[in-house]
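Read through the structure below, which is laid out as structure tokens, and then see the notes.
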Amino acid sequence: MEPESTPDAGTTPNNATGSENLPDLASETFTSLRDQLEPLWNDGAAFILSLGQTWRLYQVAIIFAIAVLAWVIGKMVDPKIHDWLRTREGWSKRRLRFAIHLRRRVPMILFVLLAWLVTSVMREMTWPSRSYLIAAVGTLATAWVFVGLASVVVENRTLRRTTKWGMWIYVTLYYLGVTEEIGEVLDNLAISTGTFRISLLDVISAVVVTAALFALARMFSRASAEKVRNNEDISPSMQVLTVKFIQLLLYGAAFFLGLKVIGVDLTGLAVLSGAIGVGLGFGLQKVVSNLVSGVIILLDKSIKPGDVISLGETFGWIQQLGARYVSVVTRDGREYLIPNEDLITGQVVNWSHTNSFVRLDIYFGTAYGDDPHKVRKIAISAAASVERVLSFRPPVCHIVGFGDSSVDYILRFWIDDPTGGLTNIRGNVYLALWDAFAENDISIPFPQREVRLLEDANDGTAKAGA
């Protein structure tokens, strides 16, 4: 027997590298990806080499010629289509958007038509296999055209591009027959933390699905909002509340479905949402108060879009009811954003709450020498002659006192369009009174003071000074 070898100092028996005893996750992932991508690479290389065959080269040349011809024809007809679209003034905005997107895809549409035309002719003249590549490219181009046109319904630019590119990539992989292989590769690129695992495939699926769901939610939200606003049986405040509720429901459903796609456990969000709600309640009291006040305003119908209100020194009509504030536009064009809480806790004058009738008062005075009975009749007739003053609620005029230099009157009249302004109608009535008084020789007095110097008082003062 040979003597047993003794290990050298500083060494450990059965010493092995860390990669042999401790599995390296990165190394395994790289090896797995290499094993998955190698068949795809071989198939792609084989396909590229097959293009060197005679009829494959002919088909590639025909496809290139069709593309160039479609591009040239598209450039030629584009100015004519542009000029024709500029004459379509009566078209709706949605119809014009679709026409513009269709104009941009004219070269691709021409390519599809020419590709299928050439394919049909070649199948009649020769073997179908000699036009297989042209038919495959035509099928893929057709799918691209339909995806591009279908994405027009998504009005948001970011959502439209995300959905369109996601569908283009999927359609391309589907027609190439490599969806399962690419899916396995993307699923292998994952991050694991405990029981939670998320892969690149989950992220891409979540982005595409969420974008598509948000696009559908936006489309249905706009359609439902249009129907609600066109329903005259629903009050304006309830229309706003209904539209907000539908938007919250649709976008919330799209968000949670997107989370479900990537495998997020929604039951864990219940505790998190409760904690967030408590934190928001303490940290955002004013914001939450305004949100709740906005819901109360919509429910009790105290104010609604179009109402004329006065809040402090602000007078105007309500332009929009928001979740946090109310937009009030004044006569001078200023737009005040008043928090909803101020409308709930403060005193608000709603000039058109139950009806639009508004009574206005103006004061004036005449000389004591004028007949008050005649003055009252003239004042009532002058106010009634103004255009916006209501005739079925006739003006009235009363004496309210005897002043130092005039008999004081009050003239009251009604209008039903406070949105047209209050100061201007008062000014028109004052002008009518001025013209009527001038025609009937009725004077409007103003205070006069006389200063008299007494001679006796002057003499006494002079003597005292001497």
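For the structure tokens, the naming scheme is as follows: chains receive sequential letters (A, B, ...) according to their order of presentation, residues are indexed from 1 within each chain, and ligands are indexed from 1 in presentation order.
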
Worksheet entry | Filtered DSSP result for segment 229-383 of chain A, state helix (DSSP H, G or I), as a ChimeraX atom specification | /A:229-230,236-261,268-283,285-300,340-345,372-383

Near segment 306-313 of chain A, 12 Å: segment 391-464 of chain A residue rows, closest pairs, only C-alpha atoms, as JSON lines:
```
{"residue": "A:Asp416", "atom": "CA", "partner": "A:Val308", "partner_atom": "CA", "distance": 11.4}
{"residue": "A:Asp417", "atom": "CA", "partner": "A:Val308", "partner_atom": "CA", "distance": 9.5}
{"residue": "A:Pro418", "atom": "CA", "partner": "A:Val308", "partner_atom": "CA", "distance": 6.8}
{"residue": "A:Thr419", "atom": "CA", "partner": "A:Val308", "partner_atom": "CA", "distance": 6.3}
{"residue": "A:Gly420", "atom": "CA", "partner": "A:Val308", "partner_atom": "CA", "distance": 9.9}
{"residue": "A:Gly421", "atom": "CA", "partner": "A:Val308", "partner_atom": "CA", "distance": 9.7}
{"residue": "A:Leu422", "atom": "CA", "partner": "A:Val308", "partner_atom": "CA", "distance": 10.9}
```

Fill in: Residue nearest Thr163 of chain A among A:Val137, A:Leu69, A:Val208, A:Leu149 (counting only C-alpha atoms)
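Comparing A:Val137, A:Leu69, A:Val208, A:Leu149 against Thr163 of chain A, the winner is A:Val208.
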
Do you know which residues are at most 8 Å from Glu341 of chain A counting only C-alpha atoms, after dropping those on the same chain fewer than 4 positions away, and could you put them as a PDB file with all heavy atoms, in the first residue's frame?
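As written to disk, selection09.pdb reads:
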```pdb
ATOM      1  N   SER A 289     -61.460  67.779   4.241  1.00  0.00           N
ATOM      2  CA  SER A 289     -62.649  68.578   4.522  1.00  0.00           C
ATOM      3  C   SER A 289     -63.229  69.177   3.248  1.00  0.00           C
ATOM      4  O   SER A 289     -64.450  69.187   3.056  1.00  0.00           O
ATOM      5  CB  SER A 289     -62.289  69.692   5.507  1.00  0.00           C
ATOM      6  OG  SER A 289     -63.392  70.550   5.730  1.00  0.00           O
ATOM      7  N   ASN A 290     -62.367  69.662   2.363  1.00  0.00           N
ATOM      8  CA  ASN A 290     -62.851  70.213   1.100  1.00  0.00           C
ATOM      9  C   ASN A 290     -63.464  69.139   0.210  1.00  0.00           C
ATOM     10  O   ASN A 290     -64.464  69.379  -0.477  1.00  0.00           O
ATOM     11  CB  ASN A 290     -61.707  70.908   0.355  1.00  0.00           C
ATOM     12  CG  ASN A 290     -61.329  72.231   0.996  1.00  0.00           C
ATOM     13  OD1 ASN A 290     -62.187  72.975   1.462  1.00  0.00           O
ATOM     14  ND2 ASN A 290     -60.041  72.523   1.030  1.00  0.00           N
ATOM     15  N   SER A 293     -66.804  68.296   1.744  1.00  0.00           N
ATOM     16  CA  SER A 293     -67.707  69.429   1.507  1.00  0.00           C
ATOM     17  C   SER A 293     -68.177  69.463   0.064  1.00  0.00           C
ATOM     18  O   SER A 293     -69.336  69.795  -0.221  1.00  0.00           O
ATOM     19  CB  SER A 293     -66.995  70.738   1.862  1.00  0.00           C
ATOM     20  OG  SER A 293     -66.617  70.767   3.217  1.00  0.00           O
ATOM     21  N   GLY A 294     -67.294  69.103  -0.863  1.00  0.00           N
ATOM     22  CA  GLY A 294     -67.697  69.049  -2.263  1.00  0.00           C
ATOM     23  C   GLY A 294     -68.764  68.018  -2.518  1.00  0.00           C
ATOM     24  O   GLY A 294     -69.721  68.248  -3.276  1.00  0.00           O
ATOM     25  N   THR A 345     -69.399  76.290   5.442  1.00  0.00           N
ATOM     26  CA  THR A 345     -69.381  76.916   6.770  1.00  0.00           C
ATOM     27  C   THR A 345     -69.714  78.399   6.735  1.00  0.00           C
ATOM     28  O   THR A 345     -70.093  78.960   7.757  1.00  0.00           O
ATOM     29  CB  THR A 345     -67.999  76.723   7.415  1.00  0.00           C
ATOM     30  OG1 THR A 345     -66.990  77.308   6.562  1.00  0.00           O
ATOM     31  CG2 THR A 345     -67.688  75.242   7.588  1.00  0.00           C
TER      32      THR A 345
END
```

Fill in: Residue among A:Ala323, A:Ile378, A:Ala211, A:Val152 lying closest to Val243 of chain A, counting only C-alpha atoms
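With only C-alpha atoms as the atom set, the closest residue is A:Ala323.
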
Fill in: Straight-line distance linking atom CA of Leu298 of chain A with atom CA of Leu321 of chain A, stated in Å to one decimal
8.4 Å

Worksheet item: What does the distance from atom CA of Ile344 of chain A to atom CA of Arg331 of chain A come to in Å, to one decimal?
Response: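 Taking atom CA of Ile344 of chain A as the start and atom CA of Arg331 of chain A as the end point, the length is 23.6 Å.
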